[in-house]
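Colleague: Got query_24.cif for you, mmCIF, N, CA and C atoms:
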data_start
loop_
_atom_site.label_atom_id
_atom_site.label_comp_id
_atom_site.auth_asym_id
_atom_site.auth_seq_id
_atom_site.Cartn_x
_atom_site.Cartn_y
_atom_site.Cartn_z
N MET A 1 -101.48 11.57 -82.55
CA MET A 1 -100.20 10.95 -82.33
C MET A 1 -100.36 9.89 -81.25
N PRO A 2 -99.85 8.72 -81.50
CA PRO A 2 -99.97 7.66 -80.49
C PRO A 2 -99.24 8.02 -79.18
N LEU A 3 -99.83 7.69 -78.10
CA LEU A 3 -99.29 7.88 -76.75
C LEU A 3 -99.12 9.34 -76.35
N ALA A 4 -99.73 10.25 -77.09
CA ALA A 4 -99.62 11.67 -76.74
C ALA A 4 -100.45 11.93 -75.50
N PRO A 5 -100.07 12.76 -74.60
CA PRO A 5 -98.85 13.55 -74.50
C PRO A 5 -97.74 12.87 -73.72
N TYR A 6 -97.94 11.62 -73.36
CA TYR A 6 -96.98 10.95 -72.49
C TYR A 6 -95.63 10.72 -73.17
N ILE A 7 -95.63 10.49 -74.46
CA ILE A 7 -94.37 10.28 -75.16
C ILE A 7 -93.55 11.57 -75.16
N ASN A 8 -94.23 12.71 -75.16
CA ASN A 8 -93.51 13.98 -75.09
C ASN A 8 -92.76 14.12 -73.76
N TYR A 9 -93.40 13.71 -72.69
CA TYR A 9 -92.75 13.77 -71.38
C TYR A 9 -91.55 12.82 -71.32
N ALA A 10 -91.68 11.66 -71.92
CA ALA A 10 -90.57 10.70 -71.95
C ALA A 10 -89.40 11.25 -72.75
N ILE A 11 -89.68 11.93 -73.84
CA ILE A 11 -88.61 12.51 -74.66
C ILE A 11 -87.91 13.63 -73.92
N ILE A 12 -88.66 14.47 -73.21
CA ILE A 12 -88.05 15.54 -72.42
C ILE A 12 -87.16 14.94 -71.34
N ALA A 13 -87.62 13.90 -70.67
CA ALA A 13 -86.81 13.25 -69.64
C ALA A 13 -85.54 12.66 -70.25
N PHE A 14 -85.66 12.05 -71.41
CA PHE A 14 -84.49 11.48 -72.08
C PHE A 14 -83.48 12.57 -72.43
N LEU A 15 -83.94 13.67 -72.97
CA LEU A 15 -83.03 14.76 -73.32
C LEU A 15 -82.35 15.36 -72.08
N LEU A 16 -83.08 15.45 -70.98
CA LEU A 16 -82.47 15.94 -69.74
C LEU A 16 -81.39 14.97 -69.25
N MET A 17 -81.64 13.67 -69.40
CA MET A 17 -80.62 12.68 -69.01
C MET A 17 -79.38 12.82 -69.89
N VAL A 18 -79.56 13.11 -71.17
CA VAL A 18 -78.41 13.33 -72.05
C VAL A 18 -77.62 14.54 -71.61
N LEU A 19 -78.31 15.63 -71.24
CA LEU A 19 -77.61 16.82 -70.76
C LEU A 19 -76.83 16.55 -69.49
N VAL A 20 -77.41 15.76 -68.59
CA VAL A 20 -76.69 15.40 -67.36
C VAL A 20 -75.46 14.56 -67.70
N GLY A 21 -75.61 13.64 -68.64
CA GLY A 21 -74.47 12.84 -69.06
C GLY A 21 -73.37 13.68 -69.68
N ILE A 22 -73.75 14.66 -70.48
CA ILE A 22 -72.76 15.57 -71.07
C ILE A 22 -72.05 16.35 -69.97
N TRP A 23 -72.78 16.77 -68.94
CA TRP A 23 -72.17 17.55 -67.87
C TRP A 23 -71.13 16.73 -67.09
N PHE A 24 -71.40 15.46 -66.85
CA PHE A 24 -70.49 14.65 -66.06
C PHE A 24 -69.30 14.12 -66.84
N ASN A 25 -69.32 14.25 -68.16
CA ASN A 25 -68.18 13.85 -68.98
C ASN A 25 -67.29 15.08 -69.19
N PRO A 26 -66.08 15.09 -68.62
CA PRO A 26 -65.24 16.29 -68.68
C PRO A 26 -64.88 16.72 -70.11
N SER A 27 -64.80 15.80 -71.04
CA SER A 27 -64.41 16.18 -72.39
C SER A 27 -65.54 16.85 -73.17
N THR A 28 -66.77 16.74 -72.71
CA THR A 28 -67.89 17.38 -73.42
C THR A 28 -68.53 18.50 -72.62
N ARG A 29 -68.05 18.76 -71.43
CA ARG A 29 -68.64 19.79 -70.57
C ARG A 29 -68.53 21.18 -71.20
N ILE A 30 -67.40 21.48 -71.84
CA ILE A 30 -67.22 22.80 -72.43
C ILE A 30 -68.23 23.04 -73.54
N SER A 31 -68.54 22.03 -74.32
CA SER A 31 -69.52 22.22 -75.40
C SER A 31 -70.92 22.48 -74.84
N LEU A 32 -71.25 21.87 -73.71
CA LEU A 32 -72.53 22.12 -73.07
C LEU A 32 -72.62 23.57 -72.60
N VAL A 33 -71.55 24.05 -71.96
CA VAL A 33 -71.54 25.43 -71.46
C VAL A 33 -71.61 26.42 -72.62
N VAL A 34 -70.83 26.18 -73.66
CA VAL A 34 -70.86 27.07 -74.83
C VAL A 34 -72.24 27.06 -75.48
N GLY A 35 -72.87 25.91 -75.58
CA GLY A 35 -74.20 25.82 -76.16
C GLY A 35 -75.24 26.57 -75.35
N ILE A 36 -75.16 26.48 -74.03
CA ILE A 36 -76.10 27.21 -73.18
C ILE A 36 -75.90 28.71 -73.31
N VAL A 37 -74.63 29.14 -73.35
CA VAL A 37 -74.34 30.58 -73.53
C VAL A 37 -74.86 31.05 -74.89
N PHE A 38 -74.65 30.26 -75.93
CA PHE A 38 -75.13 30.63 -77.26
C PHE A 38 -76.65 30.77 -77.28
N LEU A 39 -77.36 29.81 -76.69
CA LEU A 39 -78.82 29.89 -76.66
C LEU A 39 -79.30 31.09 -75.85
N ALA A 40 -78.58 31.42 -74.78
CA ALA A 40 -78.94 32.60 -73.98
C ALA A 40 -78.75 33.87 -74.80
N LEU A 41 -77.67 33.95 -75.58
CA LEU A 41 -77.44 35.12 -76.43
C LEU A 41 -78.50 35.25 -77.51
N VAL A 42 -78.89 34.16 -78.11
CA VAL A 42 -79.93 34.19 -79.14
C VAL A 42 -81.25 34.65 -78.53
N ALA A 43 -81.60 34.12 -77.38
CA ALA A 43 -82.85 34.51 -76.73
C ALA A 43 -82.82 35.98 -76.31
N ALA A 44 -81.69 36.43 -75.78
CA ALA A 44 -81.57 37.84 -75.38
C ALA A 44 -81.67 38.76 -76.58
N SER A 45 -81.02 38.42 -77.68
CA SER A 45 -81.09 39.28 -78.87
C SER A 45 -82.50 39.32 -79.43
N TYR A 46 -83.24 38.24 -79.32
CA TYR A 46 -84.63 38.22 -79.78
C TYR A 46 -85.46 39.27 -79.05
N TYR A 47 -85.28 39.37 -77.74
CA TYR A 47 -86.05 40.33 -76.97
C TYR A 47 -85.45 41.73 -77.04
N ILE A 48 -84.14 41.85 -77.12
CA ILE A 48 -83.51 43.17 -77.21
C ILE A 48 -83.89 43.85 -78.53
N LEU A 49 -83.91 43.10 -79.62
CA LEU A 49 -84.27 43.65 -80.93
C LEU A 49 -85.78 43.75 -81.12
N LYS A 50 -86.53 43.40 -80.10
CA LYS A 50 -88.00 43.47 -80.08
C LYS A 50 -88.62 42.71 -81.26
N MET A 51 -88.07 41.56 -81.57
CA MET A 51 -88.62 40.77 -82.66
C MET A 51 -89.96 40.16 -82.29
N ASP A 52 -90.25 40.07 -80.98
CA ASP A 52 -91.53 39.52 -80.56
C ASP A 52 -92.66 40.53 -80.74
N MET A 53 -92.35 41.80 -80.98
CA MET A 53 -93.35 42.85 -81.13
C MET A 53 -93.63 43.18 -82.59
N ARG A 54 -92.87 42.62 -83.51
CA ARG A 54 -93.05 42.95 -84.92
C ARG A 54 -94.36 42.36 -85.44
N THR A 55 -94.94 43.07 -86.38
CA THR A 55 -96.17 42.60 -87.00
C THR A 55 -95.88 42.25 -88.45
N PRO A 56 -96.65 41.35 -89.01
CA PRO A 56 -96.44 41.00 -90.42
C PRO A 56 -96.80 42.16 -91.33
N LEU A 57 -96.36 42.07 -92.57
CA LEU A 57 -96.68 43.10 -93.54
C LEU A 57 -98.19 43.19 -93.74
N ASP A 58 -98.65 44.37 -94.10
CA ASP A 58 -100.08 44.56 -94.34
C ASP A 58 -100.43 43.90 -95.67
N VAL A 59 -101.20 42.85 -95.60
CA VAL A 59 -101.60 42.10 -96.80
C VAL A 59 -103.04 42.48 -97.12
N LYS A 60 -103.27 42.82 -98.36
CA LYS A 60 -104.63 43.20 -98.77
C LYS A 60 -105.49 41.95 -98.93
N SER A 61 -106.74 42.07 -98.49
CA SER A 61 -107.67 40.95 -98.64
C SER A 61 -108.32 41.01 -100.01
N ASP A 62 -109.08 40.00 -100.37
CA ASP A 62 -109.77 39.96 -101.65
C ASP A 62 -110.78 41.09 -101.77
N ASP A 63 -111.39 41.49 -100.67
CA ASP A 63 -112.37 42.58 -100.70
C ASP A 63 -111.71 43.91 -101.07
N ASP A 64 -110.50 44.14 -100.59
CA ASP A 64 -109.77 45.37 -100.89
C ASP A 64 -109.35 45.40 -102.36
N ILE A 65 -109.02 44.26 -102.93
CA ILE A 65 -108.53 44.20 -104.31
C ILE A 65 -109.67 44.44 -105.29
N SER A 66 -110.86 43.90 -105.01
CA SER A 66 -111.98 44.00 -105.94
C SER A 66 -112.60 45.39 -105.97
N SER A 67 -112.42 46.18 -104.95
CA SER A 67 -113.06 47.50 -104.93
C SER A 67 -112.18 48.59 -105.45
#
How does the structure come out when it is put into structure tokens?
Modeller:
Amino acid sequence: MPLAPYINYAIIAFLLMVLVGIWFNPSTRISLVVGIVFLALVAASYYILKMDMRTPLDVKSDDDISS
């Protein structure tokens, strides 16, 4: 990718500036707060339901099938 990884840092900085702009605009502040709460709930449910500990289904390899 051209300009990697510097373009990634520029994009992160741009997105942070957008979030700051949303915070200072009173008509969009509530959507920022609701979005942050929603993301926190999704992240908490991921760890509470232990989805990070789940393993994929046991898939048989070609060696198991042929024998």
Colleague: I'd like the interatomic distance between CA of Ala44 (chain A) and CA of Leu16 (chain A), to a tenth of an Å.
Modeller: 22.6 Å
Colleague: For Val33 (chain A), please output as a PyMOL selection string all residues within 8 Å (counting all atoms listed in the file; exclusion window: fewer than 6 positions along the same chain).
Modeller: chain A and resi 22-23+39
Colleague: Give, as AutoDock Vina command-line options, the centre coordinates and the x, y and z edge lengths in Å to one decimal for an axis-aligned box around all listed atoms of region 19-29 of chain A, padded by 5 Å on each side.
Modeller:
--center_x -71.4 --center_y 17.0 --center_z -69.7 --size_x 23.9 --size_y 18.3 --size_z 17.4
Colleague: Using the chain letters and numbers from this document, which residues of chain A does DSSP assign to helix (DSSP H, G or I), as a PyMOL selection string?
Modeller: chain A and resi 6-24+29-48+51-53+62-66
Colleague: So what do you get for CA of Asp52 (chain A) versus atom N of Val37 (chain A), distance-wise?
Modeller: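 Between these atoms lies a distance of 21.1 Å.
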Colleague: For atom C of Ala13 (chain A) and atom C of Ala40 (chain A), determine how far apart the two atoms are, in Å to one decimal place.
Modeller: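 Between atom C of Ala13 (chain A) and atom C of Ala40 (chain A) the gap works out to 22.7 Å.
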